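Below is one structure, written out as structure tokens, with a few remarks after it.
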Amino acid sequence: MSVMGNQLISLKMGTGERKVLINASHHANEWITTPLVLTFLESYAIAYTRFDRIGGEDAADLYEGATLHMVPLVNPDGVDLVNGVVTGSFFEEAKRIAGNYPAIPFPSGWKANIVGTDPNLNYPALWEEARSIKFAQGFTSPAPRDYVGPSVLSAPESRAMFDFTNREKFDLTISYHTQGGEIYYKFLDKVPPRGLEIGEEFARVSGYDLTDVPYNSAFAGYKDWVIQDYNVPSYTIEAGRGINPLPLSQFFDIYADNLGIMTQALVY
């Protein structure tokens with residue numbers, strides 16, 4: 001459940017023992033990742049019903065080999081804000097918060113949840129280090145981006161993902177963000193078993209760069225927490241290139257780049 005009471009919806013497809021999670025739109029102005037992952041799920045379902053292939057793989061084999069869980073919209077309130085859907089008191093409060101950060105355009109520069117906490121800086125993976133870094137950058141209170149929250153898991157969206165993951169115990173996770181054409185695969189120096197190998201395959205099929213997270217963004221993210229607590233392959237993928245929010249004109253190129261990643265996530 002989000003701050004505004006919107007349900008965080010999870011979708012499920014497949015019967016295999018391996019459990020794969022793909023999530024999108026932790027960040028509000030990275031909302032193009034939601035149609036990205038939903039288009040994959042739709043294409044996968046169509047391929048399965050037609051005894052067809054997707055991303056070069058037999059859809060029936062994928063279905064029987066892994067169970068795909070998908071949370072396509074982690075931050076529904078923030079996405080609605082960026083897209084002009086939110087009105088009333090929540091909009092006015094967000095506008096007031098944004099007024100404290102005039103260098104960040106409103107609402108297009110908004111990454112946070114509706115009350116100004118960044119959901120992907122709110123997980124228990126050296127959260128205190130993230131707080132020190134972001135406070136030093138001036139994000140000491142609710143903000144359009146980079147505020148870590150008053151405490152770990154204070155954002156209900158982050159708490160929902162935390163609880164869902166602890167319940168399901170995934171074997172591999174992918175968190176979709178934009179932008180930069182990069183794949184992040186480790187938490188500090190910790191690389192889970194097969195984490196590098198799978199990451200290299202993702203890079204090969206997408207043309208993206210497998211690289212390290214910039215230090216100032218290397219803490220308290222979903223991927224960081226999964227690697228820290230579960231030691232399974234977990235990735236942040238920065239899809240597309242440009243300035244957020246990326247235009248829909250990039251969508252088909254982004255989908256083509258990432259089709260192989262989502263397919264191979266179900267293979268490994």
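Residue numbers start at 1 in each chain; chains themselves are named A, B, ... in the order of the structure tokens; ligands are numbered from 1 in the order shown.
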Residue neighbourhood Gly65 (chain A), 10 Å, only C-alpha atoms, exclusion window fewer than 4 positions, as a count of residues only: 12
DSSP-assigned strand (DSSP E or B) members of region 124-227 of chain A, reported as a ChimeraX atom specification: /A:172-178,182-184,187,190,209-211
Take the residues just selected and output them with all heavy atoms as a compact mmCIF listing (two decimals), in the first residue's frame.
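So out-v2.txt came out as:
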```txt
# COMPACT_ATOMS: atom_id res chain seq x y z
N LEU A 172 16.51 -14.44 -7.87
CA LEU A 172 17.13 -13.40 -8.70
C LEU A 172 16.17 -12.22 -8.74
O LEU A 172 14.95 -12.42 -8.83
CB LEU A 172 17.41 -13.91 -10.11
CG LEU A 172 18.14 -12.99 -11.09
CD1 LEU A 172 18.96 -13.82 -12.09
CD2 LEU A 172 17.17 -12.10 -11.87
N THR A 173 16.71 -11.01 -8.67
CA THR A 173 15.85 -9.83 -8.79
C THR A 173 16.45 -8.83 -9.78
O THR A 173 17.68 -8.73 -9.93
CB THR A 173 15.63 -9.10 -7.45
OG1 THR A 173 16.77 -8.29 -7.12
CG2 THR A 173 15.34 -10.08 -6.32
N ILE A 174 15.56 -8.11 -10.44
CA ILE A 174 15.92 -7.01 -11.33
C ILE A 174 15.07 -5.81 -10.95
O ILE A 174 13.84 -5.92 -10.87
CB ILE A 174 15.69 -7.35 -12.81
CG1 ILE A 174 16.65 -8.45 -13.27
CG2 ILE A 174 15.84 -6.12 -13.68
CD1 ILE A 174 16.38 -8.93 -14.69
N SER A 175 15.72 -4.69 -10.71
CA SER A 175 15.02 -3.43 -10.45
C SER A 175 15.28 -2.49 -11.62
O SER A 175 16.44 -2.15 -11.90
CB SER A 175 15.52 -2.79 -9.16
OG SER A 175 15.29 -3.61 -8.04
N TYR A 176 14.21 -2.09 -12.29
CA TYR A 176 14.36 -1.22 -13.46
C TYR A 176 14.28 0.25 -13.08
O TYR A 176 13.35 0.69 -12.40
CB TYR A 176 13.31 -1.55 -14.52
CG TYR A 176 13.84 -2.53 -15.53
CD1 TYR A 176 13.41 -3.85 -15.54
CD2 TYR A 176 14.79 -2.13 -16.46
CE1 TYR A 176 13.92 -4.76 -16.46
CE2 TYR A 176 15.31 -3.03 -17.38
CZ TYR A 176 14.87 -4.34 -17.38
OH TYR A 176 15.39 -5.22 -18.29
N HIS A 177 15.30 0.97 -13.55
CA HIS A 177 15.40 2.42 -13.39
C HIS A 177 15.76 3.01 -14.75
O HIS A 177 16.00 2.29 -15.71
CB HIS A 177 16.48 2.78 -12.37
CG HIS A 177 16.15 2.39 -10.96
ND1 HIS A 177 15.80 3.30 -10.00
CD2 HIS A 177 16.12 1.17 -10.35
CE1 HIS A 177 15.55 2.67 -8.86
NE2 HIS A 177 15.76 1.38 -9.05
N THR A 178 15.81 4.33 -14.83
CA THR A 178 16.40 5.02 -15.97
C THR A 178 17.28 6.13 -15.42
O THR A 178 17.02 6.65 -14.34
CB THR A 178 15.31 5.64 -16.88
OG1 THR A 178 14.50 6.54 -16.12
CG2 THR A 178 14.42 4.58 -17.50
N GLU A 182 23.22 1.22 -18.13
CA GLU A 182 24.17 0.56 -17.24
C GLU A 182 23.47 -0.52 -16.41
O GLU A 182 22.27 -0.43 -16.14
CB GLU A 182 24.83 1.57 -16.31
CG GLU A 182 25.71 2.57 -17.04
CD GLU A 182 26.42 3.53 -16.12
OE1 GLU A 182 25.85 3.86 -15.05
OE2 GLU A 182 27.54 3.96 -16.46
N ILE A 183 24.28 -1.50 -15.99
CA ILE A 183 23.81 -2.59 -15.14
C ILE A 183 24.69 -2.64 -13.91
O ILE A 183 25.91 -2.75 -14.00
CB ILE A 183 23.88 -3.94 -15.88
CG1 ILE A 183 23.04 -3.91 -17.16
CG2 ILE A 183 23.44 -5.08 -14.96
CD1 ILE A 183 23.25 -5.10 -18.07
N TYR A 184 24.07 -2.56 -12.72
CA TYR A 184 24.79 -2.65 -11.46
C TYR A 184 24.51 -4.01 -10.84
O TYR A 184 23.35 -4.43 -10.75
CB TYR A 184 24.35 -1.54 -10.51
CG TYR A 184 24.46 -0.15 -11.08
CD1 TYR A 184 23.47 0.80 -10.87
CD2 TYR A 184 25.57 0.23 -11.85
CE1 TYR A 184 23.56 2.07 -11.39
CE2 TYR A 184 25.67 1.51 -12.38
CZ TYR A 184 24.66 2.43 -12.14
OH TYR A 184 24.76 3.70 -12.67
N PHE A 187 26.93 -5.15 -4.34
CA PHE A 187 26.76 -4.21 -3.24
C PHE A 187 28.12 -4.02 -2.58
O PHE A 187 28.65 -4.93 -1.96
CB PHE A 187 25.74 -4.74 -2.23
CG PHE A 187 25.60 -3.88 -1.00
CD1 PHE A 187 25.47 -2.50 -1.11
CD2 PHE A 187 25.57 -4.44 0.26
CE1 PHE A 187 25.34 -1.70 0.01
CE2 PHE A 187 25.43 -3.66 1.39
CZ PHE A 187 25.32 -2.28 1.27
N LYS A 190 30.62 -6.95 -2.53
CA LYS A 190 29.94 -8.24 -2.42
C LYS A 190 29.25 -8.59 -3.73
O LYS A 190 28.38 -7.85 -4.20
CB LYS A 190 28.93 -8.23 -1.28
CG LYS A 190 28.27 -9.59 -1.05
CD LYS A 190 27.41 -9.59 0.20
CE LYS A 190 26.84 -10.98 0.47
NZ LYS A 190 26.03 -11.03 1.71
N ASP A 209 26.38 -1.40 -20.26
CA ASP A 209 27.65 -1.57 -19.58
C ASP A 209 27.43 -2.18 -18.19
O ASP A 209 26.60 -1.68 -17.42
CB ASP A 209 28.36 -0.22 -19.41
CG ASP A 209 28.77 0.41 -20.72
OD1 ASP A 209 29.13 -0.34 -21.65
OD2 ASP A 209 28.71 1.65 -20.84
N LEU A 210 28.15 -3.24 -17.89
CA LEU A 210 28.15 -3.83 -16.55
C LEU A 210 29.18 -3.07 -15.74
O LEU A 210 30.38 -3.11 -16.06
CB LEU A 210 28.50 -5.31 -16.63
CG LEU A 210 28.38 -6.10 -15.33
CD1 LEU A 210 26.93 -6.22 -14.89
CD2 LEU A 210 28.99 -7.49 -15.50
N THR A 211 28.77 -2.38 -14.71
CA THR A 211 29.68 -1.45 -14.05
C THR A 211 29.33 -1.31 -12.57
O THR A 211 28.38 -1.92 -12.07
CB THR A 211 29.64 -0.07 -14.75
OG1 THR A 211 30.66 0.77 -14.22
CG2 THR A 211 28.28 0.58 -14.61
```
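Closest approach to Ser10 (chain A) among A:Tyr44, A:Phe164, A:Trp127, A:Trp110 is made by A:Phe164 (distances from only C-alpha atoms).
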For CA of Val148 (chain A) and CA of His27 (chain A), the interatomic separation in Å (one decimal):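 Calculated distance between CA of Val148 (chain A) and CA of His27 (chain A) is 12.8 Å.
Residues in contact range of Leu153 (chain A), defined as at most 7 Å between only C-alpha atoms, with sequence neighbours fewer than 5 positions away removed, read A:Asn122, A:Tyr123, A:Ser158, A:Arg159.
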Could you turn the residues from that selection into a file that holds N, CA, C and O atoms, as an mmCIF file, in the first residue's frame?
```
data_model
loop_
_atom_site.group_PDB
_atom_site.id
_atom_site.type_symbol
_atom_site.label_atom_id
_atom_site.label_comp_id
_atom_site.auth_asym_id
_atom_site.auth_seq_id
_atom_site.Cartn_x
_atom_site.Cartn_y
_atom_site.Cartn_z
ATOM 1 N N ASN A 122 15.837 3.731 1.106
ATOM 2 C CA ASN A 122 15.130 3.540 2.367
ATOM 3 C C ASN A 122 15.224 2.110 2.884
ATOM 4 O O ASN A 122 14.552 1.752 3.840
ATOM 5 N N TYR A 123 16.082 1.295 2.247
ATOM 6 C CA TYR A 123 16.219 -0.106 2.644
ATOM 7 C C TYR A 123 17.355 -0.279 3.654
ATOM 8 O O TYR A 123 18.291 0.538 3.694
ATOM 9 N N SER A 158 8.603 1.073 0.229
ATOM 10 C CA SER A 158 9.809 0.280 0.511
ATOM 11 C C SER A 158 9.492 -0.857 1.470
ATOM 12 O O SER A 158 9.964 -1.989 1.291
ATOM 13 N N ARG A 159 8.689 -0.561 2.484
ATOM 14 C CA ARG A 159 8.299 -1.597 3.436
ATOM 15 C C ARG A 159 7.536 -2.721 2.744
ATOM 16 O O ARG A 159 7.742 -3.905 3.032
#
```
All residues 8 Å or closer to region 243-252 of chain A, only C-alpha atoms, same chain fewer than 3 positions away omitted, as a PyMOL selection string: chain A and resi 29-32+36+108-109+178-179+240+255-256
Write the residues of the preceding selection, restricted to all heavy atoms, as a compact mmCIF listing (two decimals), in the first residue's frame.
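Listed below is the output, part_27.txt:
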```
# COMPACT_ATOMS: atom_id res chain seq x y z
N ASN A 29 9.89 9.70 -11.72
CA ASN A 29 10.10 10.18 -13.09
C ASN A 29 10.82 9.17 -13.97
O ASN A 29 11.26 9.50 -15.07
CB ASN A 29 10.82 11.53 -13.10
CG ASN A 29 12.24 11.47 -12.56
OD1 ASN A 29 12.68 10.44 -12.06
ND2 ASN A 29 12.95 12.58 -12.66
N GLU A 30 10.88 7.92 -13.49
CA GLU A 30 11.42 6.82 -14.28
C GLU A 30 10.29 5.86 -14.66
O GLU A 30 10.49 4.66 -14.86
CB GLU A 30 12.54 6.13 -13.49
CG GLU A 30 13.67 7.11 -13.17
CD GLU A 30 14.74 6.57 -12.23
OE1 GLU A 30 14.72 5.35 -11.95
OE2 GLU A 30 15.58 7.37 -11.77
N TRP A 31 9.09 6.42 -14.80
CA TRP A 31 7.86 5.64 -14.98
C TRP A 31 7.83 4.85 -16.28
O TRP A 31 7.05 3.91 -16.40
CB TRP A 31 6.64 6.57 -14.91
CG TRP A 31 6.64 7.66 -15.94
CD1 TRP A 31 7.05 8.95 -15.75
CD2 TRP A 31 6.21 7.57 -17.30
NE1 TRP A 31 6.92 9.67 -16.92
CE2 TRP A 31 6.41 8.85 -17.88
CE3 TRP A 31 5.69 6.55 -18.09
CZ2 TRP A 31 6.10 9.12 -19.21
CZ3 TRP A 31 5.38 6.81 -19.42
CH2 TRP A 31 5.58 8.09 -19.97
N ILE A 32 8.68 5.21 -17.27
CA ILE A 32 8.68 4.46 -18.53
C ILE A 32 9.05 2.99 -18.31
O ILE A 32 8.74 2.13 -19.14
CB ILE A 32 9.63 5.12 -19.55
CG1 ILE A 32 9.30 4.68 -20.98
CG2 ILE A 32 11.09 4.85 -19.20
CD1 ILE A 32 10.05 5.46 -22.04
N LEU A 36 7.50 -0.77 -19.81
CA LEU A 36 8.56 -1.67 -20.29
C LEU A 36 8.34 -3.09 -19.77
O LEU A 36 8.30 -4.05 -20.55
CB LEU A 36 9.92 -1.15 -19.83
CG LEU A 36 11.11 -2.09 -20.04
CD1 LEU A 36 11.40 -2.30 -21.52
CD2 LEU A 36 12.35 -1.55 -19.31
N SER A 108 8.57 17.28 -13.08
CA SER A 108 9.34 16.33 -13.90
C SER A 108 10.60 15.81 -13.20
O SER A 108 11.07 14.73 -13.53
CB SER A 108 9.72 16.97 -15.24
OG SER A 108 10.59 18.06 -15.05
N GLY A 109 11.12 16.56 -12.24
CA GLY A 109 12.32 16.12 -11.54
C GLY A 109 12.04 15.29 -10.30
O GLY A 109 12.98 14.90 -9.60
N THR A 178 15.81 4.33 -14.83
CA THR A 178 16.40 5.02 -15.97
C THR A 178 17.28 6.13 -15.42
O THR A 178 17.02 6.65 -14.34
CB THR A 178 15.31 5.64 -16.88
OG1 THR A 178 14.50 6.54 -16.12
CG2 THR A 178 14.42 4.58 -17.50
N GLN A 179 18.33 6.45 -16.07
CA GLN A 179 18.77 6.13 -17.40
C GLN A 179 20.28 5.98 -17.39
O GLN A 179 20.90 6.18 -16.37
CB GLN A 179 18.34 7.24 -18.37
CG GLN A 179 18.60 8.67 -17.93
CD GLN A 179 20.07 9.11 -17.96
OE1 GLN A 179 20.83 8.77 -18.87
NE2 GLN A 179 20.45 9.87 -16.97
N GLY A 240 17.79 2.90 -21.05
CA GLY A 240 17.70 4.09 -21.87
C GLY A 240 18.80 5.10 -21.58
O GLY A 240 19.64 4.90 -20.71
N TYR A 255 12.78 -1.22 -25.11
CA TYR A 255 12.25 -2.58 -25.02
C TYR A 255 13.13 -3.57 -25.77
O TYR A 255 13.42 -4.66 -25.26
CB TYR A 255 10.82 -2.63 -25.57
CG TYR A 255 10.21 -4.01 -25.44
CD1 TYR A 255 9.78 -4.48 -24.20
CD2 TYR A 255 10.10 -4.85 -26.55
CE1 TYR A 255 9.25 -5.75 -24.07
CE2 TYR A 255 9.56 -6.13 -26.42
CZ TYR A 255 9.14 -6.56 -25.18
OH TYR A 255 8.63 -7.83 -25.05
N ALA A 256 13.59 -3.18 -26.95
CA ALA A 256 14.46 -4.06 -27.72
C ALA A 256 15.75 -4.36 -26.96
O ALA A 256 16.25 -5.49 -26.97
CB ALA A 256 14.77 -3.43 -29.08
```
Dump as a Markdown table the rows for residues of region 108-148 of chain A within 12 Å of region 70-84 of chain A: closest atom pair and distance in Å with one decimal, only C-alpha atoms counted, ordered by chain and rising residue number.
```
| residue | atom | partner | partner_atom | distance |
| --- | --- | --- | --- | --- |
| A:Ser108 | CA | A:Val82 | CA | 5.6 |
| A:Gly109 | CA | A:Val82 | CA | 8.0 |
| A:Trp110 | CA | A:Val82 | CA | 6.6 |
| A:Lys111 | CA | A:Gly78 | CA | 7.0 |
| A:Ala112 | CA | A:Gly78 | CA | 6.3 |
| A:Asn113 | CA | A:Gly78 | CA | 4.8 |
| A:Ile114 | CA | A:Gly78 | CA | 5.1 |
| A:Val115 | CA | A:Gly78 | CA | 8.7 |
| A:Gly116 | CA | A:Gly78 | CA | 9.0 |
| A:Thr117 | CA | A:Gly78 | CA | 10.1 |
| A:Asp118 | CA | A:Asn75 | CA | 9.5 |
| A:Pro119 | CA | A:Asn75 | CA | 7.7 |
| A:Asn120 | CA | A:Val74 | CA | 9.9 |
| A:Pro144 | CA | A:Gly78 | CA | 9.5 |
| A:Arg145 | CA | A:Gly78 | CA | 10.8 |
```
Write out, as a CSV table (one decimal), in the first residue's frame, the residues just selected, with N, CA and C atoms.
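Result file follows (again.csv):
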```csv
chain,number,residue,atom,x,y,z
A,108,SER,N,8.6,17.3,-13.1
A,108,SER,CA,9.3,16.3,-13.9
A,108,SER,C,10.6,15.8,-13.2
A,109,GLY,N,11.1,16.6,-12.2
A,109,GLY,CA,12.3,16.1,-11.5
A,109,GLY,C,12.0,15.3,-10.3
A,110,TRP,N,10.8,15.0,-10.0
A,110,TRP,CA,10.4,14.3,-8.8
A,110,TRP,C,10.7,12.8,-8.9
A,111,LYS,N,11.5,12.3,-8.0
A,111,LYS,CA,11.8,10.8,-7.9
A,111,LYS,C,11.2,10.2,-6.7
A,112,ALA,N,10.9,10.9,-5.7
A,112,ALA,CA,10.5,10.4,-4.4
A,112,ALA,C,9.0,9.9,-4.4
A,113,ASN,N,8.6,9.3,-3.2
A,113,ASN,CA,7.2,9.1,-3.1
A,113,ASN,C,6.5,10.4,-2.9
A,114,ILE,N,5.2,10.3,-2.6
A,114,ILE,CA,4.4,11.6,-2.7
A,114,ILE,C,4.7,12.5,-1.5
A,115,VAL,N,5.3,12.0,-0.4
A,115,VAL,CA,5.7,12.8,0.7
A,115,VAL,C,7.2,13.1,0.8
A,116,GLY,N,7.9,12.8,-0.3
A,116,GLY,CA,9.3,13.3,-0.4
A,116,GLY,C,10.4,12.4,0.2
A,117,THR,N,10.1,11.1,0.3
A,117,THR,CA,11.1,10.1,0.6
A,117,THR,C,11.4,9.3,-0.6
A,118,ASP,N,12.7,9.1,-0.9
A,118,ASP,CA,13.2,8.3,-2.0
A,118,ASP,C,13.0,6.8,-1.6
A,119,PRO,N,12.1,6.1,-2.2
A,119,PRO,CA,11.9,4.7,-1.8
A,119,PRO,C,13.1,3.8,-2.0
A,120,ASN,N,14.0,4.2,-2.9
A,120,ASN,CA,15.2,3.3,-3.2
A,120,ASN,C,16.4,3.8,-2.4
A,144,PRO,N,12.2,16.4,-3.5
A,144,PRO,CA,11.8,15.7,-4.7
A,144,PRO,C,12.7,14.4,-5.0
A,145,ARG,N,13.9,14.4,-4.4
A,145,ARG,CA,14.8,13.2,-4.7
A,145,ARG,C,15.8,13.2,-3.5
```
Fewer than 4 positions away in the same chain doesn't count, so skip those; otherwise give me all residues within 12 Å of Tyr235 (chain A), counting only C-alpha atoms, as a compact mmCIF listing (two decimals) with N, CA and C atoms, in the first residue's frame.
```txt
# COMPACT_ATOMS: atom_id res chain seq x y z
N VAL A 20 11.87 -15.48 -9.76
CA VAL A 20 12.50 -14.28 -10.29
C VAL A 20 11.57 -13.09 -10.05
N LEU A 21 12.12 -12.02 -9.55
CA LEU A 21 11.35 -10.78 -9.37
C LEU A 21 11.86 -9.71 -10.32
N ILE A 22 10.94 -9.08 -11.05
CA ILE A 22 11.24 -7.88 -11.82
C ILE A 22 10.35 -6.77 -11.28
N ASN A 23 10.96 -5.66 -10.85
CA ASN A 23 10.17 -4.53 -10.38
C ASN A 23 10.56 -3.27 -11.14
N ALA A 24 9.69 -2.28 -11.10
CA ALA A 24 9.91 -1.06 -11.87
C ALA A 24 9.31 0.14 -11.14
N ASP A 171 15.14 -15.93 -6.07
CA ASP A 171 16.45 -16.43 -6.47
C ASP A 171 17.21 -15.42 -7.32
N LEU A 172 16.51 -14.44 -7.87
CA LEU A 172 17.13 -13.40 -8.70
C LEU A 172 16.17 -12.22 -8.74
N THR A 173 16.71 -11.01 -8.67
CA THR A 173 15.85 -9.83 -8.79
C THR A 173 16.45 -8.83 -9.78
N ILE A 174 15.56 -8.11 -10.44
CA ILE A 174 15.92 -7.01 -11.33
C ILE A 174 15.07 -5.81 -10.95
N SER A 175 15.72 -4.69 -10.71
CA SER A 175 15.02 -3.43 -10.45
C SER A 175 15.28 -2.49 -11.62
N TYR A 176 14.21 -2.09 -12.29
CA TYR A 176 14.36 -1.22 -13.46
C TYR A 176 14.28 0.25 -13.08
N HIS A 177 15.30 0.97 -13.55
CA HIS A 177 15.40 2.42 -13.39
C HIS A 177 15.76 3.01 -14.75
N GLU A 182 23.22 1.22 -18.13
CA GLU A 182 24.17 0.56 -17.24
C GLU A 182 23.47 -0.52 -16.41
N ILE A 183 24.28 -1.50 -15.99
CA ILE A 183 23.81 -2.59 -15.14
C ILE A 183 24.69 -2.64 -13.91
N TYR A 184 24.07 -2.56 -12.72
CA TYR A 184 24.79 -2.65 -11.46
C TYR A 184 24.51 -4.01 -10.84
N TYR A 185 25.56 -4.68 -10.39
CA TYR A 185 25.42 -6.09 -10.04
C TYR A 185 25.97 -6.47 -8.68
N LYS A 186 26.52 -5.51 -7.93
CA LYS A 186 27.08 -5.87 -6.63
C LYS A 186 26.74 -4.79 -5.60
N PHE A 187 26.93 -5.15 -4.34
CA PHE A 187 26.76 -4.21 -3.24
C PHE A 187 28.12 -4.02 -2.58
N VAL A 191 29.63 -9.72 -4.31
CA VAL A 191 29.02 -10.22 -5.54
C VAL A 191 28.45 -11.60 -5.23
N PRO A 192 27.15 -11.81 -5.37
CA PRO A 192 26.58 -13.13 -5.08
C PRO A 192 27.08 -14.19 -6.05
N ARG A 194 27.33 -16.42 -9.06
CA ARG A 194 26.84 -16.26 -10.42
C ARG A 194 26.41 -14.83 -10.75
N GLY A 195 26.57 -13.92 -9.80
CA GLY A 195 26.15 -12.55 -10.04
C GLY A 195 26.89 -11.89 -11.19
N LEU A 196 28.19 -12.11 -11.26
CA LEU A 196 28.98 -11.54 -12.35
C LEU A 196 28.66 -12.23 -13.67
N ILE A 198 25.93 -13.83 -14.70
CA ILE A 198 24.62 -13.45 -15.22
C ILE A 198 24.64 -11.99 -15.67
N GLY A 199 25.31 -11.15 -14.90
CA GLY A 199 25.42 -9.75 -15.29
C GLY A 199 26.12 -9.58 -16.64
N GLU A 200 27.13 -10.38 -16.88
CA GLU A 200 27.82 -10.31 -18.17
C GLU A 200 26.90 -10.74 -19.31
N PHE A 202 23.60 -10.40 -19.27
CA PHE A 202 22.68 -9.27 -19.44
C PHE A 202 23.32 -8.16 -20.27
N ALA A 203 24.59 -7.88 -20.00
CA ALA A 203 25.29 -6.86 -20.76
C ALA A 203 25.43 -7.25 -22.23
N LEU A 210 28.15 -3.24 -17.89
CA LEU A 210 28.15 -3.83 -16.55
C LEU A 210 29.18 -3.07 -15.74
N THR A 211 28.77 -2.38 -14.71
CA THR A 211 29.68 -1.45 -14.05
C THR A 211 29.33 -1.31 -12.57
N ASP A 212 30.10 -0.50 -11.87
CA ASP A 212 29.88 -0.25 -10.45
C ASP A 212 28.95 0.94 -10.25
N VAL A 213 28.20 0.89 -9.18
CA VAL A 213 27.35 2.02 -8.81
C VAL A 213 28.24 3.17 -8.34
N GLY A 221 19.70 0.87 -1.32
CA GLY A 221 18.79 0.53 -2.40
C GLY A 221 18.24 -0.88 -2.26
N TYR A 222 17.21 -1.17 -3.03
CA TYR A 222 16.60 -2.51 -2.99
C TYR A 222 17.62 -3.58 -3.36
N LYS A 223 18.31 -3.38 -4.47
CA LYS A 223 19.33 -4.35 -4.91
C LYS A 223 20.39 -4.55 -3.84
N ASP A 224 20.80 -3.48 -3.19
CA ASP A 224 21.82 -3.56 -2.15
C ASP A 224 21.36 -4.46 -1.00
N TRP A 225 20.13 -4.23 -0.57
CA TRP A 225 19.60 -5.01 0.55
C TRP A 225 19.45 -6.49 0.18
N VAL A 226 18.97 -6.80 -1.02
CA VAL A 226 18.80 -8.20 -1.43
C VAL A 226 20.15 -8.91 -1.44
N ILE A 227 21.16 -8.28 -2.01
CA ILE A 227 22.49 -8.90 -2.02
C ILE A 227 23.01 -9.08 -0.60
N ASN A 231 22.12 -12.76 -0.59
CA ASN A 231 23.28 -13.22 -1.37
C ASN A 231 22.86 -13.95 -2.64
N ALA A 239 17.91 1.76 -17.65
CA ALA A 239 17.52 1.59 -19.04
C ALA A 239 17.47 2.93 -19.77
N ILE A 261 17.37 -9.27 -21.61
CA ILE A 261 17.64 -9.32 -20.18
C ILE A 261 16.52 -10.03 -19.44
N MET A 262 15.28 -9.61 -19.69
CA MET A 262 14.15 -10.21 -18.96
C MET A 262 13.96 -11.67 -19.33
N ALA A 265 16.77 -13.66 -17.61
CA ALA A 265 16.55 -13.76 -16.16
C ALA A 265 15.75 -15.01 -15.81
```
Alpha helix (DSSP H) per DSSP on the backbone: members of region 92-182 of chain A, as a ChimeraX atom specification: /A:92-99,127-136,156-168
Length of the CA of Phe170 (chain A) to CA of Asp52 (chain A) vector [Å]: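 Calculated distance between CA of Phe170 (chain A) and CA of Asp52 (chain A) is 26.4 Å.
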